[in-house]
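Q: Contents are CSV, C-alpha atoms; file name entry-v3.csv:
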```
chain,number,residue,atom,x,y,z
A,1,MET,CA,145.6,140.3,136.1
A,2,ILE,CA,148.9,139.6,134.4
A,3,ARG,CA,151.9,140.0,136.7
A,4,PRO,CA,154.5,142.5,135.3
A,5,GLU,CA,157.6,140.7,134.2
A,6,PRO,CA,160.9,141.8,135.7
A,7,THR,CA,162.9,144.3,133.7
A,8,GLU,CA,166.0,142.9,132.1
A,9,PHE,CA,168.6,145.5,133.1
A,10,PRO,CA,167.2,147.7,135.8
A,11,ASP,CA,170.6,148.6,137.4
A,12,ALA,CA,172.4,148.7,134.1
A,13,ASP,CA,169.7,151.0,132.8
A,14,ARG,CA,170.1,153.4,135.7
A,15,ALA,CA,173.9,153.5,135.1
A,16,LEU,CA,173.4,154.0,131.4
A,17,VAL,CA,171.0,156.9,131.9
A,18,GLU,CA,173.4,158.5,134.3
A,19,ALA,CA,176.2,158.0,131.9
A,20,VAL,CA,174.2,159.6,129.0
A,21,LEU,CA,173.3,162.6,131.2
A,22,ALA,CA,177.0,162.9,132.3
A,23,ARG,CA,177.9,162.9,128.6
A,24,VAL,CA,180.1,159.8,128.9
A,25,PRO,CA,181.4,159.1,125.3
A,26,ARG,CA,179.4,156.4,123.4
A,27,SER,CA,176.9,156.0,126.2
A,28,PHE,CA,174.0,157.3,124.2
A,29,GLU,CA,175.0,155.1,121.3
A,30,GLN,CA,174.9,152.1,123.7
A,31,LEU,CA,171.4,153.1,124.8
A,32,ILE,CA,170.3,153.2,121.2
A,33,SER,CA,171.9,149.9,120.5
A,34,ARG,CA,170.1,148.3,123.4
A,35,TYR,CA,166.6,149.6,122.5
A,36,GLN,CA,166.7,150.0,118.7
A,37,GLY,CA,165.1,146.5,118.3
A,38,LEU,CA,162.3,147.3,120.6
A,39,CYS,CA,161.7,150.7,118.9
A,40,TRP,CA,161.8,149.0,115.4
A,41,HIS,CA,159.2,146.3,116.4
A,42,ILE,CA,156.7,148.9,117.8
A,43,VAL,CA,157.2,151.5,115.0
A,44,LEU,CA,157.2,149.0,112.1
A,45,ARG,CA,154.1,147.3,113.3
A,46,MET,CA,152.4,150.7,113.6
A,47,VAL,CA,153.5,152.3,110.3
A,48,ARG,CA,154.4,149.2,108.2
A,49,ASN,CA,156.6,151.2,105.8
A,50,PRO,CA,160.3,150.5,106.6
A,51,GLU,CA,161.5,154.0,105.4
A,52,ASP,CA,159.0,155.8,107.6
A,53,ALA,CA,159.9,153.4,110.4
A,54,ARG,CA,163.6,154.3,110.1
A,55,ASP,CA,162.8,158.1,110.3
A,56,ILE,CA,160.5,157.5,113.2
A,57,CYS,CA,163.1,155.5,115.1
A,58,GLN,CA,165.6,158.3,114.5
A,59,GLU,CA,163.1,160.9,115.8
A,60,THR,CA,162.3,158.6,118.7
A,61,PHE,CA,165.9,158.5,119.9
A,62,LEU,CA,166.5,162.2,119.4
A,63,ARG,CA,163.5,162.8,121.6
A,64,VAL,CA,164.8,160.2,124.2
A,65,PHE,CA,168.0,162.2,124.3
A,66,LYS,CA,166.3,165.5,124.6
A,67,TYR,CA,164.0,164.5,127.4
A,68,LEU,CA,166.1,161.9,129.2
A,69,HIS,CA,166.7,164.4,132.0
A,70,GLN,CA,163.0,164.1,132.8
A,71,TYR,CA,163.1,160.3,133.2
A,72,ARG,CA,162.6,159.6,136.9
A,73,PHE,CA,163.2,155.8,137.0
A,74,ASP,CA,159.5,155.3,138.0
A,75,SER,CA,159.1,152.8,135.1
A,76,PRO,CA,161.6,150.6,133.3
A,77,LEU,CA,163.6,152.4,130.7
A,78,LYS,CA,162.4,149.9,128.2
A,79,SER,CA,158.8,151.1,128.8
A,80,TRP,CA,159.8,154.7,128.7
A,81,VAL,CA,161.6,154.3,125.3
A,82,ALA,CA,158.6,152.3,124.0
A,83,GLN,CA,156.3,155.1,125.1
A,84,VAL,CA,158.3,157.6,123.1
A,85,ALA,CA,158.4,155.4,120.1
A,86,TYR,CA,154.6,154.7,120.3
A,87,SER,CA,153.7,158.4,120.6
A,88,VAL,CA,156.0,159.4,117.7
A,89,ALA,CA,154.6,156.6,115.5
A,90,LYS,CA,151.0,157.5,116.5
A,91,ARG,CA,151.5,161.1,115.7
A,92,HIS,CA,152.9,160.1,112.3
A,93,LEU,CA,149.8,158.1,111.5
A,94,GLU,CA,147.5,160.9,112.7
A,95,ARG,CA,149.3,163.3,110.4
A,96,LYS,CA,148.7,161.0,107.5
A,97,ARG,CA,145.1,160.5,108.6
A,98,ILE,CA,145.5,156.8,109.0
A,99,PRO,CA,143.1,155.4,111.6
A,100,ILE,CA,145.0,153.5,114.3
A,101,ALA,CA,142.2,151.3,115.6
A,102,ASP,CA,138.8,150.0,114.5
A,103,GLU,CA,135.7,150.3,116.6
A,104,PRO,CA,135.1,147.3,118.9
A,105,ASP,CA,131.9,146.2,117.2
A,106,ASP,CA,132.6,147.5,113.7
A,107,PRO,CA,130.9,145.1,111.2
A,108,GLU,CA,133.5,146.0,108.6
A,109,ALA,CA,136.3,145.1,110.9
A,110,GLY,CA,136.8,141.7,109.3
A,111,SER,CA,137.1,143.0,105.8
A,112,LEU,CA,140.8,143.6,105.9
A,113,LEU,CA,141.5,140.1,107.1
A,114,ASP,CA,139.1,138.7,104.5
A,115,SER,CA,141.3,140.2,101.7
A,116,VAL,CA,144.5,138.7,102.9
A,117,SER,CA,144.3,135.3,101.2
A,118,ASP,CA,142.7,136.5,97.9
A,119,GLY,CA,144.0,134.4,95.0
A,120,PHE,CA,145.7,131.8,97.2
A,121,ASP,CA,144.2,128.4,98.0
A,122,LEU,CA,145.3,127.7,101.5
A,123,GLU,CA,143.5,124.4,101.8
A,124,ALA,CA,145.3,123.1,98.8
A,125,ALA,CA,148.7,124.3,100.1
A,126,ASN,CA,148.5,123.5,103.8
A,127,ALA,CA,152.2,123.6,104.5
A,128,ASP,CA,153.4,125.2,107.8
A,129,ASP,CA,155.5,127.9,106.2
A,130,GLN,CA,152.7,129.0,103.9
A,131,ILE,CA,150.2,129.2,106.7
A,132,ASN,CA,152.8,131.1,108.7
A,133,ARG,CA,153.4,133.5,105.9
A,134,LEU,CA,149.7,134.2,105.5
A,135,LEU,CA,149.3,134.5,109.2
A,136,HIS,CA,151.9,137.2,109.2
A,137,ALA,CA,149.9,138.9,106.4
A,138,ALA,CA,146.8,138.6,108.5
A,139,ILE,CA,148.6,140.2,111.4
A,140,ASP,CA,149.7,143.0,109.1
A,141,ALA,CA,146.1,143.5,108.0
A,142,LEU,CA,145.0,144.2,111.6
A,143,PRO,CA,144.6,147.9,112.5
A,144,ALA,CA,147.8,149.6,113.7
A,145,LEU,CA,146.8,149.7,117.4
A,146,GLN,CA,146.0,146.0,117.5
A,147,ARG,CA,149.3,145.1,115.7
A,148,SER,CA,151.4,147.2,118.1
A,149,LEU,CA,149.6,145.9,121.2
A,150,LEU,CA,150.1,142.3,120.1
A,151,THR,CA,153.8,143.0,119.3
A,152,MET,CA,154.4,144.7,122.7
A,153,TYR,CA,152.7,141.8,124.5
A,154,HIS,CA,154.0,138.8,122.6
A,155,LEU,CA,157.3,139.8,121.2
A,156,ASP,CA,158.6,142.5,123.6
A,157,GLU,CA,157.1,140.8,126.6
A,158,LEU,CA,155.7,144.0,128.1
A,159,SER,CA,153.1,143.5,130.7
A,160,ILE,CA,149.5,144.7,130.2
A,161,SER,CA,150.0,147.5,132.8
A,162,GLU,CA,153.2,148.6,131.0
A,163,ILE,CA,151.4,148.6,127.7
A,164,ALA,CA,148.6,150.6,129.3
A,165,THR,CA,151.1,153.2,130.4
A,166,ILE,CA,152.9,153.3,127.0
A,167,THR,CA,149.7,153.7,125.0
A,168,GLY,CA,147.6,155.7,127.5
A,169,ILE,CA,144.8,153.1,127.1
A,170,ALA,CA,143.1,151.6,130.2
A,171,GLU,CA,144.4,148.1,131.2
A,172,GLY,CA,140.9,146.6,130.6
A,173,SER,CA,140.9,148.0,127.1
A,174,VAL,CA,144.4,146.7,126.3
A,175,LYS,CA,143.3,143.2,127.5
A,176,SER,CA,140.1,143.5,125.4
A,177,HIS,CA,142.0,144.5,122.3
A,178,LEU,CA,144.4,141.6,122.8
A,179,PHE,CA,141.6,139.2,123.3
A,180,ARG,CA,139.6,140.3,120.3
A,181,SER,CA,142.6,140.5,118.0
A,182,ARG,CA,143.7,137.0,118.8
A,183,LYS,CA,140.2,135.6,118.5
A,184,ARG,CA,139.8,137.3,115.2
A,185,LEU,CA,143.1,135.8,113.9
A,186,ARG,CA,142.0,132.4,115.1
A,187,GLN,CA,138.7,132.7,113.3
A,188,TRP,CA,140.5,133.7,110.2
A,189,LEU,CA,142.9,130.8,110.6
A,190,GLU,CA,140.2,128.3,111.2
A,191,LEU,CA,138.3,129.5,108.2
A,192,ARG,CA,141.3,129.3,105.9
A,193,THR,CA,143.0,126.1,107.2
A,194,GLY,CA,140.3,124.1,108.9
A,195,VAL,CA,142.4,124.0,112.1
A,196,THR,CA,140.1,123.4,115.0
A,197,THR,CA,140.8,123.8,118.7
B,1,MET,CA,134.4,140.0,113.3
B,2,THR,CA,131.4,141.3,115.1
B,3,ASN,CA,130.6,141.7,118.8
B,4,GLN,CA,133.4,139.6,120.3
B,5,SER,CA,132.4,139.7,124.0
B,6,PHE,CA,135.1,138.8,126.5
B,7,ASP,CA,135.2,135.2,127.4
B,8,ASP,CA,137.5,134.4,130.3
B,9,GLY,CA,137.9,130.7,129.4
B,10,GLU,CA,139.1,131.7,125.9
B,11,TRP,CA,141.4,134.3,127.3
B,12,GLN,CA,143.0,131.6,129.4
B,13,ALA,CA,143.4,129.5,126.3
B,14,GLN,CA,145.1,132.4,124.5
B,15,GLU,CA,147.4,133.0,127.5
B,16,ARG,CA,148.3,129.3,127.8
B,17,ALA,CA,149.3,129.4,124.1
B,18,ARG,CA,151.4,132.5,124.6
B,19,LYS,CA,153.2,131.1,127.6
B,20,THR,CA,153.8,127.8,125.9
B,21,VAL,CA,155.4,129.5,122.9
B,22,ARG,CA,157.3,131.9,125.1
B,23,ASP,CA,158.7,129.2,127.3
B,24,ALA,CA,159.2,126.8,124.3
B,25,ALA,CA,157.5,124.2,126.5
B,26,LEU,CA,155.9,122.2,123.8
B,27,PRO,CA,156.6,121.9,120.1
B,28,LEU,CA,153.9,123.0,117.8
B,29,GLY,CA,151.9,120.0,116.8
B,30,ASP,CA,148.6,119.2,115.2
B,31,GLU,CA,147.0,118.0,118.4
B,32,GLY,CA,146.2,119.7,121.6
B,33,ALA,CA,143.6,122.2,122.8
B,34,ASP,CA,145.3,125.4,121.6
B,35,VAL,CA,146.8,124.6,118.2
B,36,ALA,CA,145.4,127.7,116.5
B,37,TYR,CA,146.3,130.0,119.3
B,38,ARG,CA,149.8,128.5,119.6
B,39,ARG,CA,150.3,129.0,115.9
B,40,ILE,CA,149.2,132.6,116.3
B,41,ALA,CA,151.4,133.1,119.3
B,42,GLN,CA,154.3,131.7,117.5
B,43,ALA,CA,153.8,134.1,114.5
B,44,LEU,CA,153.5,137.0,116.9
B,45,ARG,CA,156.7,136.0,118.6
B,46,GLU,CA,158.7,136.1,115.4
B,47,PRO,CA,160.5,139.5,115.2
B,48,PRO,CA,160.4,141.5,112.0
B,49,SER,CA,163.8,141.8,110.4
B,50,ILE,CA,165.4,145.0,111.7
B,51,ASN,CA,166.0,147.1,108.7
B,52,LEU,CA,168.1,149.9,110.3
B,53,PRO,CA,171.4,151.0,108.9
B,54,ARG,CA,174.5,149.3,110.3
B,55,ASP,CA,175.7,152.5,112.0
B,56,PHE,CA,172.2,153.7,113.1
B,57,ALA,CA,173.1,154.0,116.8
B,58,ALA,CA,176.4,155.9,116.1
B,59,ASP,CA,174.8,158.2,113.5
B,60,VAL,CA,171.8,159.1,115.7
B,61,ALA,CA,174.1,159.6,118.7
B,62,LYS,CA,176.1,162.0,116.7
B,63,LEU,CA,173.0,163.8,115.6
B,64,ALA,CA,171.7,164.1,119.1
B,65,ALA,CA,175.0,165.3,120.6
B,66,PRO,CA,175.0,168.9,119.2
B,67,SER,CA,171.6,169.7,120.8
B,68,ALA,CA,173.0,168.7,124.2
B,69,THR,CA,169.8,169.6,126.0
B,70,PRO,CA,170.2,167.1,128.8
B,71,HIS,CA,173.7,168.3,129.5
B,72,ARG,CA,173.0,172.0,129.8
B,73,ALA,CA,173.8,171.9,133.5
B,74,LYS,CA,177.2,170.2,132.7
B,75,ALA,CA,178.0,172.7,129.9
B,76,ASP,CA,177.2,175.7,132.0
B,77,PRO,CA,180.4,175.7,134.1
B,78,GLU,CA,182.5,175.5,130.9
B,79,LEU,CA,180.7,178.4,129.5
B,80,ARG,CA,181.1,180.4,132.7
B,81,ILE,CA,184.9,179.8,132.7
B,82,ALA,CA,185.2,180.8,129.0
B,83,GLY,CA,183.2,183.9,129.7
B,84,THR,CA,185.3,184.9,132.7
B,85,LEU,CA,188.5,184.4,130.7
B,86,ALA,CA,187.1,186.5,127.9
B,87,GLY,CA,186.2,189.2,130.4
B,88,ILE,CA,189.7,189.2,132.0
B,89,LEU,CA,191.2,189.5,128.5
B,90,VAL,CA,189.1,192.5,127.6
B,91,VAL,CA,190.0,194.2,130.9
B,92,CYS,CA,193.7,193.5,130.3
B,93,CYS,CA,193.5,194.9,126.8
B,94,VAL,CA,191.8,198.1,128.0
B,95,VAL,CA,194.4,198.6,130.8
B,96,ALA,CA,197.2,198.0,128.4
B,97,GLY,CA,195.6,200.3,125.9
B,98,PHE,CA,195.6,203.2,128.4
B,99,ARG,CA,199.1,202.5,129.7
B,100,TYR,CA,200.7,202.2,126.3
B,101,ALA,CA,198.4,204.5,124.3
B,102,ASP,CA,201.3,206.8,123.2
B,103,ALA,CA,203.6,203.9,122.2
B,104,LEU,CA,200.7,202.1,120.5
B,105,GLY,CA,199.9,205.3,118.5
B,106,SER,CA,203.4,205.7,117.2
B,107,LEU,CA,203.6,201.9,116.5
B,108,LEU,CA,200.4,202.1,114.4
B,109,ALA,CA,201.7,205.1,112.5
B,110,SER,CA,204.7,203.0,111.2
B,111,PRO,CA,204.0,200.9,108.1
B,112,LEU,CA,204.9,197.6,109.8
B,113,GLY,CA,202.6,198.5,112.8
B,114,ALA,CA,199.7,199.4,110.5
B,115,TRP,CA,200.1,196.2,108.5
B,116,SER,CA,200.3,194.1,111.7
B,117,PHE,CA,197.2,195.8,113.0
B,118,SER,CA,195.3,195.1,109.8
B,119,ALA,CA,196.3,191.5,109.8
B,120,LEU,CA,195.1,191.1,113.4
B,121,CYS,CA,191.8,192.7,112.5
B,122,CYS,CA,191.4,190.3,109.6
B,123,ALA,CA,192.1,187.3,111.8
B,124,ALA,CA,189.7,188.4,114.4
B,125,ALA,CA,187.0,189.1,111.8
B,126,ALA,CA,187.5,185.6,110.2
B,127,GLN,CA,187.3,184.0,113.6
B,128,GLY,CA,184.1,185.9,114.5
B,129,PHE,CA,182.6,185.0,111.1
B,130,GLN,CA,183.3,181.3,111.7
B,131,LEU,CA,181.7,181.4,115.2
B,132,LEU,CA,178.7,183.2,113.7
B,133,THR,CA,178.1,180.6,110.9
B,134,LYS,CA,178.4,177.8,113.5
B,135,GLN,CA,175.8,179.3,115.6
B,136,ILE,CA,173.5,179.8,112.6
B,137,ALA,CA,174.0,176.2,111.5
B,138,ARG,CA,173.1,174.9,115.0
B,139,GLY,CA,170.0,177.0,115.1
B,140,PHE,CA,168.9,175.8,111.7
B,141,GLU,CA,169.6,172.1,112.7
B,142,ALA,CA,167.6,172.6,115.9
B,143,SER,CA,164.7,174.1,114.1
B,144,LEU,CA,164.5,171.1,111.8
B,145,ARG,CA,163.9,168.7,114.8
```
For the file at hand, write its structure as structure tokens.

A:
Amino acid sequence: MIRPEPTEFPDADRALVEAVLARVPRSFEQLISRYQGLCWHIVLRMVRNPEDARDICQETFLRVFKYLHQYRFDSPLKSWVAQVAYSVAKRHLERKRIPIADEPDDPEAGSLLDSVSDGFDLEAANADDQINRLLHAAIDALPALQRSLLTMYHLDELSISEIATITGIAEGSVKSHLFRSRKRLRQWLELRTGVTT
Amino acid sequence: MTNQSFDDGEWQAQERARKTVRDAALPLGDEGADVAYRRIAQALREPPSINLPRDFAADVAKLAAPSATPHRAKADPELRIAGTLAGILVVCCVVAGFRYADALGSLLASPLGAWSFSALCCAAAAQGFQLLTKQIARGFEASLR
């Protein structure tokens, strides 16, 4: 089990939430500034389209404002904002009928990754930045759920239990998704670059 | 990828790579047990460029403010005071109207009085229309969210 990492500004968050609820000028703007990066990471990884991501981030913060009086400090504000962002982005994908996850043993699951390096000879151009660029393309080719779980875990440093709360997925499933996604990326990387472990 | 059963040893390797990159403990090299996982962890750690408008926070805060849902409790006393003052004003007008009914009647009969009364009515109607349009605009904005 992964130990939850400490929140960055627990007291500051409480003060900020109270200020927003008390309508202190610029307090909500401050809250947005603090969490717009987190929101952007989650939403962009989910929907991939920057214009959609901007609209969804806006909707996320309007919802945060609307429902902030229901926030009870029982989870870090960071997780709560992430939960709102995730649910708004998920609803957006559902409306567009875009599947957010593949099946665990889907034989077609690798096909998206297989198409990433079409027309590019990685073995001939084995420079770090090119591998990195293609690795990012491979990450982008993962299903939306896997992309967002990896982002929350690696980039935003949310714990598995926090991610489970945000996404409504059981902790064991979150861990399994993380494991399989990373293993899949490694297999893809080994196949393309010959890097072995 | 098919049937990737969970392997605790491999999970630990993934986690070591994640922590190594997070803590910047080791530079990414070509040797070592977790080169591929470290490369993956490093790519996952790189934030996408944030493509939000410069004034995103201020603009969204402005958009959110008119709805003022979390602050209804704070806004209520203000509304109550405004309502009480409006009630007192109406009562005063009624009392004054009864007391000075005769004088008011003769004043309105004069051309200057009639003109002043018309001007007052126009000002009140304009103010009322302005309030009404504001309410409609707010309702429309709320329905869009």

Q: So how far away is CA of Gly83 (chain B) from CA of Leu104 (chain B), in Å?

A: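 Between CA of Leu104 (chain B) and CA of Gly83 (chain B) the gap works out to 26.9 Å.
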
Q: List the neighbours of Glu15 (chain B) out to 10 Å using all atoms listed in the file; skip same-chain residues closer than 2 positions along the sequence, and give me the result as a VMD selection string.

A: (chain A and resid 2 179) or (chain B and resid 9 to 13 17 to 21 34 37 to 38 41)

Q: Closest to chain A among B:Ala36, B:Asp23, B:Arg16, B:Ile81, using all atoms listed in the file?

A: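 Among the listed residues, B:Ala36 lies closest to chain A.
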
Q: Output as a PyMOL selection string the set of chain A residues within 8 Å of chain B, with distances taken over all atoms listed in the file.

A: chain A and resi 21-23+26+28-30+32-33+36-37+40-41+50+54+58-59+61-62+65-69+104-110+132+135-136+150-151+154-155+176+179-180+182+184-186+189-190+195-197

Q: What's the separation between CA of Ile166 (chain A) and CA of Ser181 (chain A), in Å to one decimal place?

A: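 Separation between CA of Ile166 (chain A) and CA of Ser181 (chain A): 18.7 Å.
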
Q: Could you jot down the CA of Ala164 (chain A) to CA of Leu149 (chain A) separation for me, Å, one decimal place?

A: 9.4 Å
